[in-house]
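As stored in upload.cif (mmCIF, C-alpha atoms and all ligand atoms):
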```cif
data_data
loop_
_atom_site.label_atom_id
_atom_site.label_comp_id
_atom_site.auth_asym_id
_atom_site.auth_seq_id
_atom_site.Cartn_x
_atom_site.Cartn_y
_atom_site.Cartn_z
CA MET A 739 0.00 0.00 0.00
CA LYS A 740 1.34 3.41 -1.00
CA ILE A 741 0.77 6.42 1.25
CA LEU A 742 1.15 10.00 0.08
CA VAL A 743 1.81 12.67 2.70
CA SER A 744 1.65 16.40 2.03
CA VAL A 745 4.14 18.58 3.88
CA LYS A 746 4.12 22.36 3.87
CA ARG A 747 7.01 24.66 4.70
CA VAL A 748 5.71 27.27 7.13
CA LEU A 749 6.94 29.79 9.68
CA ASP A 750 8.35 27.86 12.65
CA TYR A 751 5.75 27.62 15.41
CA ASN A 752 8.16 29.24 17.92
CA VAL A 753 8.62 32.37 15.81
CA LYS A 754 6.79 35.54 16.83
CA VAL A 755 4.74 36.50 13.80
CA ARG A 756 5.07 40.06 12.48
CA VAL A 757 3.00 41.77 9.82
CA SER A 758 5.02 42.59 6.67
CA PRO A 759 5.80 46.27 5.97
CA ASP A 760 3.16 46.43 3.17
CA GLY A 761 0.45 45.23 5.62
CA ARG A 762 -0.67 42.47 3.23
CA GLY A 763 1.00 39.44 4.72
CA VAL A 764 3.42 38.05 7.27
CA ASP A 765 7.07 39.09 7.35
CA LEU A 766 9.11 36.08 6.21
CA VAL A 767 12.46 37.84 5.83
CA ASN A 768 15.18 36.08 7.84
CA VAL A 769 12.78 34.00 9.93
CA LYS A 770 13.08 30.32 10.76
CA MET A 771 10.88 28.07 8.63
CA SER A 772 9.97 24.46 9.46
CA MET A 773 7.60 21.68 8.50
CA ASN A 774 3.99 22.43 9.46
CA PRO A 775 3.59 20.63 12.85
CA PHE A 776 0.44 18.74 11.73
CA ASP A 777 2.37 17.47 8.70
CA GLU A 778 5.12 16.10 10.94
CA ILE A 779 2.38 14.10 12.67
CA ALA A 780 1.12 12.97 9.24
CA VAL A 781 4.57 11.75 8.17
CA GLU A 782 5.03 9.98 11.52
CA GLU A 783 1.70 8.18 11.14
CA ALA A 784 2.53 7.03 7.61
CA VAL A 785 5.96 5.80 8.69
CA ARG A 786 4.41 3.92 11.63
CA LEU A 787 2.04 2.18 9.18
CA LYS A 788 5.06 1.20 7.13
CA GLU A 789 6.88 -0.09 10.21
CA ALA A 790 3.76 -2.10 11.12
CA GLY A 791 3.96 -3.81 7.70
CA ILE A 792 0.75 -2.17 6.43
CA ALA A 793 2.25 0.40 4.06
CA THR A 794 5.03 -0.34 1.59
CA ASP A 795 5.91 3.05 0.24
CA VAL A 796 5.64 6.49 1.86
CA ILE A 797 5.90 9.45 -0.51
CA ALA A 798 6.24 13.01 0.85
CA VAL A 799 5.04 15.89 -1.33
CA SER A 800 5.61 19.59 -0.93
CA CYS A 801 4.46 22.41 -3.20
CA GLY A 802 6.38 25.67 -3.17
CA THR A 803 9.80 27.18 -3.74
CA SER A 804 13.06 25.21 -3.99
CA LYS A 805 13.52 25.81 -0.23
CA CYS A 806 10.80 23.19 0.37
CA GLN A 807 13.53 20.64 -0.36
CA GLU A 808 14.64 21.15 3.27
CA THR A 809 11.16 20.26 4.47
CA LEU A 810 11.11 17.18 2.26
CA ARG A 811 14.53 16.08 3.57
CA THR A 812 13.07 16.26 7.09
CA ALA A 813 10.19 14.01 5.98
CA LEU A 814 12.73 11.60 4.49
CA ALA A 815 14.70 11.67 7.76
CA ILE A 816 11.55 10.76 9.72
CA GLY A 817 11.23 7.74 7.41
CA ALA A 818 9.49 8.60 4.13
CA ASP A 819 10.93 6.61 1.21
CA ARG A 820 10.96 9.29 -1.46
CA ALA A 821 9.88 12.86 -2.04
CA ILE A 822 8.33 15.03 -4.72
CA LEU A 823 8.68 18.80 -4.89
CA VAL A 824 6.20 20.62 -7.08
CA GLU A 825 8.26 23.72 -7.57
CA SER A 826 6.60 27.09 -7.97
CA ASP A 827 7.45 30.65 -6.96
CA VAL A 828 3.80 31.66 -7.16
CA GLU A 829 1.86 31.91 -3.85
CA LEU A 830 0.02 28.58 -3.71
CA GLN A 831 -3.48 28.73 -2.28
CA PRO A 832 -5.32 25.64 -0.94
CA LEU A 833 -7.28 25.00 -4.15
CA ALA A 834 -4.11 25.07 -6.25
CA VAL A 835 -2.37 22.69 -3.81
CA ALA A 836 -5.39 20.35 -3.80
CA LYS A 837 -5.32 20.25 -7.62
CA LEU A 838 -1.58 19.53 -7.65
CA LEU A 839 -2.06 16.76 -5.07
CA LYS A 840 -4.92 15.34 -7.17
CA ALA A 841 -2.64 15.14 -10.22
CA LEU A 842 0.01 13.35 -8.15
CA VAL A 843 -2.56 11.00 -6.62
CA GLU A 844 -3.70 10.02 -10.12
CA LYS A 845 -0.08 9.34 -11.05
CA GLU A 846 1.02 7.52 -7.88
CA GLN A 847 -2.27 5.78 -6.95
CA PRO A 848 -1.85 5.83 -3.15
CA GLN A 849 -4.47 4.20 -0.93
CA ILE A 850 -4.21 6.88 1.75
CA VAL A 851 -3.34 10.57 1.55
CA PHE A 852 -2.40 12.11 4.88
CA CYS A 853 -2.55 15.91 5.13
CA GLY A 854 -2.23 18.09 8.20
CA LYS A 855 -5.57 19.35 9.52
CA GLN A 856 -4.39 22.88 8.82
CA ALA A 857 -1.30 24.85 7.95
CA ILE A 858 -0.30 27.13 10.83
CA ASP A 859 0.47 30.02 8.44
CA ASP A 860 -2.83 30.47 6.55
CA ASP A 861 -4.96 28.41 9.04
CA ALA A 862 -7.12 27.61 6.01
CA ASN A 863 -8.10 24.03 6.95
CA GLN A 864 -9.17 23.41 3.34
CA THR A 865 -6.61 21.45 1.34
CA GLY A 866 -7.40 17.91 2.51
CA GLN A 867 -11.14 18.50 2.19
CA MET A 868 -10.75 19.98 -1.30
CA LEU A 869 -8.57 17.05 -2.40
CA ALA A 870 -11.15 14.52 -1.16
CA ALA A 871 -13.89 16.41 -3.02
CA LEU A 872 -11.87 16.64 -6.25
CA MET A 873 -11.08 12.91 -6.08
CA GLY A 874 -14.59 11.89 -4.96
CA TRP A 875 -12.94 10.00 -2.07
CA PRO A 876 -14.10 9.53 1.53
CA GLN A 877 -12.40 11.77 4.06
CA ALA A 878 -11.82 11.84 7.81
CA THR A 879 -10.55 15.13 9.17
CA PHE A 880 -8.96 15.90 12.58
CA ALA A 881 -7.85 12.30 13.14
CA SER A 882 -6.63 11.37 16.62
CA LYS A 883 -6.45 7.61 15.97
CA VAL A 884 -6.07 5.64 12.73
CA PHE A 885 -6.39 1.90 12.36
CA VAL A 886 -5.93 0.35 8.91
CA LYS A 887 -6.94 -3.18 8.02
CA ASP A 888 -7.45 -4.66 4.55
CA ASN A 889 -9.33 -2.07 2.54
CA THR A 890 -10.63 -0.06 5.47
CA ALA A 891 -9.44 2.72 7.76
CA THR A 892 -11.11 3.22 11.12
CA VAL A 893 -10.52 6.80 12.16
CA THR A 894 -11.32 8.49 15.47
CA ARG A 895 -11.95 12.19 14.93
CA GLU A 896 -11.75 15.06 17.38
CA VAL A 897 -15.09 16.86 17.14
CA ASP A 898 -16.69 19.56 19.29
CA GLY A 899 -17.55 18.00 22.61
CA GLY A 900 -16.04 14.56 22.05
CA LEU A 901 -14.84 11.94 19.64
CA GLU A 902 -16.41 10.43 16.54
CA THR A 903 -15.33 7.16 14.92
CA LEU A 904 -15.69 6.66 11.18
CA GLU A 905 -15.01 3.67 9.01
CA LEU A 906 -13.72 4.63 5.55
CA ARG A 907 -13.33 2.54 2.47
CA LEU A 908 -9.89 3.12 0.95
CA PRO A 909 -8.64 5.06 -0.95
CA ALA A 910 -9.30 8.01 1.34
CA VAL A 911 -7.96 11.30 2.63
CA ILE A 912 -7.16 11.60 6.34
CA THR A 913 -6.14 14.87 8.01
CA THR A 914 -4.18 14.71 11.23
CA ASP A 915 -4.86 16.34 14.59
CA LEU A 916 -2.40 16.99 17.43
CA ARG A 917 -3.17 13.93 19.54
CA LEU A 918 -2.66 11.34 16.77
CA ASN A 919 0.95 10.67 17.72
CA GLU A 920 4.13 12.26 18.95
CA PRO A 921 6.59 12.56 16.04
CA ARG A 922 9.96 10.95 16.64
CA TYR A 923 13.11 12.96 17.18
CA VAL A 924 15.06 13.06 13.91
CA THR A 925 18.51 11.55 14.51
CA LEU A 926 21.72 12.57 12.76
CA PRO A 927 22.24 9.16 11.07
CA ASN A 928 18.72 9.43 9.65
CA ILE A 929 19.39 12.97 8.43
CA MET A 930 22.48 11.62 6.64
CA LYS A 931 20.51 8.69 5.17
CA ALA A 932 17.79 11.10 3.99
CA LYS A 933 20.31 12.93 1.81
CA LYS A 934 20.61 9.83 -0.35
CA LYS A 935 16.88 9.19 -0.75
CA PRO A 936 15.25 10.20 -4.09
CA LEU A 937 13.77 13.70 -4.38
CA GLU A 938 12.07 14.46 -7.68
CA THR A 939 11.27 18.04 -8.74
CA ILE A 940 8.42 18.78 -11.13
CA ALA A 941 6.70 21.91 -12.43
CA PRO A 942 2.95 22.54 -11.96
CA GLU A 943 2.56 22.84 -15.76
CA THR A 944 3.73 19.25 -16.26
CA LEU A 945 0.83 18.23 -14.02
CA GLY A 946 -1.52 20.37 -16.12
CA VAL A 947 -2.51 22.57 -13.18
CA ASP A 948 -3.05 26.33 -13.31
CA VAL A 949 -1.85 27.61 -9.92
CA THR A 950 -2.75 31.27 -10.41
CA PRO A 951 -4.05 32.66 -7.07
CA ARG A 952 -7.84 33.14 -6.94
CA LEU A 953 -7.95 35.15 -3.73
CA GLU A 954 -6.25 38.43 -2.94
CA THR A 955 -5.24 39.30 0.63
CA LEU A 956 -6.32 42.88 1.20
CA ALA A 957 -4.97 43.46 4.70
CA VAL A 958 -3.33 41.63 7.58
CA ALA A 959 -3.39 43.20 11.05
CA GLU A 960 -1.98 42.26 14.41
CA PRO A 961 -4.52 41.59 17.18
CA SER A 962 -5.03 44.58 19.47
CA LYS A 963 -2.70 44.65 22.46
CA ARG A 964 -4.08 43.22 25.70
CA THR A 965 -3.82 45.59 28.64
CA ALA A 966 -1.95 44.35 31.69
CA GLY A 967 -3.92 42.75 34.52
CA ILE A 968 -3.90 43.97 38.12
CA ARG A 969 -3.43 42.19 41.43
CA VAL A 970 -6.23 42.52 43.98
CA ALA A 971 -5.69 42.34 47.73
CA ASP A 972 -8.56 40.00 48.58
CA VAL A 973 -11.84 38.46 47.40
CA LYS A 974 -13.82 41.46 48.67
CA GLN A 975 -11.85 43.82 46.44
CA LEU A 976 -12.17 41.39 43.49
CA ILE A 977 -15.95 41.30 43.84
CA ASP A 978 -16.07 45.08 44.19
CA LYS A 979 -14.05 45.55 40.98
CA LEU A 980 -16.11 42.97 39.03
CA LYS A 981 -19.30 44.69 40.17
CA ASN A 982 -18.39 48.37 39.95
CA GLU A 983 -15.55 48.62 37.40
CA ALA A 984 -15.96 45.72 34.97
CA LYS A 985 -19.72 45.61 35.67
CA VAL A 986 -19.87 41.91 34.85
CA ILE A 987 -21.70 40.74 37.97
P1 LIG B 1001 -4.45 24.39 4.75
O1 LIG B 1001 -5.65 23.94 4.00
O2 LIG B 1001 -3.65 25.48 4.02
O3 LIG B 1001 -4.72 24.77 6.19
O4 LIG B 1001 -3.43 23.16 4.79
C1 LIG B 1001 -3.83 21.88 5.26
C2 LIG B 1001 -2.78 20.85 4.92
O5 LIG B 1001 -2.66 20.76 3.48
C3 LIG B 1001 -1.36 21.13 5.41
O6 LIG B 1001 -1.18 20.69 6.74
C4 LIG B 1001 -0.54 20.30 4.42
O7 LIG B 1001 -0.57 18.92 4.76
C5 LIG B 1001 -1.33 20.47 3.11
N1 LIG B 1001 -0.75 21.60 2.34
C6 LIG B 1001 -1.23 22.85 2.24
N2 LIG B 1001 -0.42 23.61 1.47
C7 LIG B 1001 0.59 22.80 1.07
C8 LIG B 1001 1.76 22.97 0.25
N3 LIG B 1001 2.05 24.15 -0.31
N4 LIG B 1001 2.56 21.90 0.05
C9 LIG B 1001 2.26 20.71 0.62
N5 LIG B 1001 1.20 20.49 1.40
C10 LIG B 1001 0.37 21.51 1.63
#
```
Output the file's structure as structure tokens, nothing else.
Amino acid sequence: MKILVSVKRVLDYNVKVRVSPDGRGVDLVNVKMSMNPFDEIAVEEAVRLKEAGIATDVIAVSCGTSKCQETLRTALAIGADRAILVESDVELQPLAVAKLLKALVEKEQPQIVFCGKQAIDDDANQTGQMLAALMGWPQATFASKVFVKDNTATVTREVDGGLETLELRLPAVITTDLRLNEPRYVTLPNIMKAKKKPLETIAPETLGVDVTPRLETLAVAEPSKRTAGIRVADVKQLIDKLKNEAKVI
């Protein structure tokens, strides 16, 4: 069974985000970039299925600039077998990525596509869903547990107020949530091994996909600053302030 995993290069989750000088995006000059955390979980899950003897081939895919090669090398170091970079300097929006993934799915014929539940840069939470719709495949989003047997995946999903379990007929798209697994630490020997694994680069045009952006970002603004809190001497003073200053009780 082949598994395809999408991995996006995004601003590292530890970086403090700043609005770019033109006020239309996020400042990416000289900031640390990493694999989207939900995609790390997706790669880990695929590699665990391979280690369990269920999957045979794990293919990592990234769409973006040549710098995404770094992200793909990380996926290979976690344990993916090979990688594909769809190289483009154009800003790739979720629909364009979903179409590129669809073209690769038709070429590679995986039984499962793992995507992250959302990219922490655009927070769109759309790509996996769009891919499933374009393919006409079943989907399970926000997965916190995946069990694969024969032609079926049983997926526990994190939903508002609890958990939901779905049984999907493969092929299917599964998007990963935080509690699905804890990605392994990437070791130096595995980083070295990853350098020798195959990484293919292709252009969106060869996949017949028009990646022109459909949406224009008009403005990006920082959230308003929170004012500092104050310390109260006792419960009496707290109640007095809640009643007379905040007027919430
Ligand atoms: P989004 O819909 O942008 O929140 O992204 C959801 C998931 O789709 C991400 O966690 C990735 O797995 C995948 N994805 C989105 N954009 C890309 C990209 N440029 N390259 C590879 N995977 C992507």
Which one of A:Pro848, A:Gly899, A:Pro909, A:Gly866 sits closest to ligand LIG 1001 (chain B) if you count only C-alpha atoms and all ligand atoms? A:Gly866
With 8 Å as the cut-off and only C-alpha atoms and all ligand atoms counted, what is the closest atom pair between each nearby residue of chain A and ligand LIG 1001 (chain B)? Distances in Å to one decimal, ordered by chain and number, as a tab-separated table.
```
residue	atom	partner	partner_atom	distance
A:Val743	CA	B:LIG1001	O7	7.0
A:Ser744	CA	B:LIG1001	N5	4.2
A:Val745	CA	B:LIG1001	N5	4.3
A:Lys746	CA	B:LIG1001	C9	4.1
A:Arg747	CA	B:LIG1001	N4	7.0
A:Asn774	CA	B:LIG1001	O6	6.1
A:Pro775	CA	B:LIG1001	O6	7.8
A:Phe776	CA	B:LIG1001	O6	5.6
A:Asp777	CA	B:LIG1001	O7	5.1
A:Ala780	CA	B:LIG1001	O7	7.6
A:Val799	CA	B:LIG1001	C9	5.9
A:Ser800	CA	B:LIG1001	C9	3.9
A:Cys801	CA	B:LIG1001	N4	3.8
A:Gly802	CA	B:LIG1001	N3	5.4
A:Leu830	CA	B:LIG1001	N3	5.9
A:Gln831	CA	B:LIG1001	N2	7.0
A:Pro832	CA	B:LIG1001	O1	5.2
A:Val835	CA	B:LIG1001	N2	5.7
A:Ala836	CA	B:LIG1001	C6	7.7
A:Phe852	CA	B:LIG1001	O7	7.1
A:Cys853	CA	B:LIG1001	O7	3.6
A:Gly854	CA	B:LIG1001	O6	3.2
A:Lys855	CA	B:LIG1001	C1	5.3
A:Gln856	CA	B:LIG1001	O3	3.3
A:Ala857	CA	B:LIG1001	O3	3.8
A:Ile858	CA	B:LIG1001	O3	6.8
A:Asp859	CA	B:LIG1001	O2	7.6
A:Asp860	CA	B:LIG1001	O2	5.7
A:Asp861	CA	B:LIG1001	O3	4.6
A:Ala862	CA	B:LIG1001	O3	3.7
A:Asn863	CA	B:LIG1001	O3	3.5
A:Gln864	CA	B:LIG1001	O1	3.6
A:Thr865	CA	B:LIG1001	O1	3.8
A:Gly866	CA	B:LIG1001	O5	5.6
A:Gln867	CA	B:LIG1001	O1	7.9
A:Thr913	CA	B:LIG1001	C2	7.5
```
When you look at Leu838 (chain A) with a cut-off of 9 Å (counting all atoms listed in the file), what residues show up, excluding the ones that are within fewer than 6 positions of it in the same chain? I need them as a list in words. Cys801, Val824, Pro942, Leu945, Gly946, Val947, Asp948 and Val949 of chain A
Please write the residues from the selection above to a file, keeping C-alpha atoms, as a PDB file, in the coordinates of the input.
```pdb
ATOM      1  CA  CYS A 801       4.460  22.410  -3.200  1.00  0.00           C
ATOM      2  CA  VAL A 824       6.200  20.620  -7.080  1.00  0.00           C
ATOM      3  CA  PRO A 942       2.950  22.540 -11.960  1.00  0.00           C
ATOM      4  CA  LEU A 945       0.830  18.230 -14.020  1.00  0.00           C
ATOM      5  CA  GLY A 946      -1.520  20.370 -16.120  1.00  0.00           C
ATOM      6  CA  VAL A 947      -2.510  22.570 -13.180  1.00  0.00           C
ATOM      7  CA  ASP A 948      -3.050  26.330 -13.310  1.00  0.00           C
ATOM      8  CA  VAL A 949      -1.850  27.610  -9.920  1.00  0.00           C
TER       9      VAL A 949
END
```
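The residue set within 12 Å of Asn752 (chain A), counting all atoms listed in the file and dropping same-chain residues fewer than 2 places from it, reads A:Val748, A:Leu749, A:Asp750, A:Lys754, A:Val755, A:Val769, A:Lys770, A:Met771, A:Ser772, A:Asn774, A:Pro775, A:Ile858.
Counting all atoms listed in the file, the residue from A:Lys974, A:Lys963, A:Lys740, A:Arg756 that sits nearest to Val851 (chain A) is A:Lys740.
For the pair CA of Val753 (chain A) and CA of Thr809 (chain A), the separation is 16.8 Å.
Across the structure, CA of Arg907 (chain A) and CA of Arg786 (chain A) are spaced 20.0 Å apart.
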Would you give the centre and edge lengths, in Å to one decimal, of a box along x, y and z around the listed atoms of region 819-827 of chain A, with 4 Å added to each side, as AutoDock Vina command-line options?
```
--center_x 8.6 --center_y 18.6 --center_z -3.4 --size_x 12.8 --size_y 32.0 --size_z 17.2
```
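Those residues that approach Leu937 (chain A) to within 10 Å, counting all atoms listed in the file, are A:Ile797, A:Ala798, A:Val799, A:Gln807, A:Leu810, A:Arg811, A:Leu814, A:Asp819, A:Arg820, A:Ala821, A:Ile822, A:Leu823, A:Ala932; same-chain residues fewer than 5 positions away are not listed.
Of the residues listed (A:Glu905, A:Glu782, A:Ala910, A:Glu789), A:Ala910 shows the shortest atom-to-atom separation from Gln877 (chain A); distances use only C-alpha atoms.
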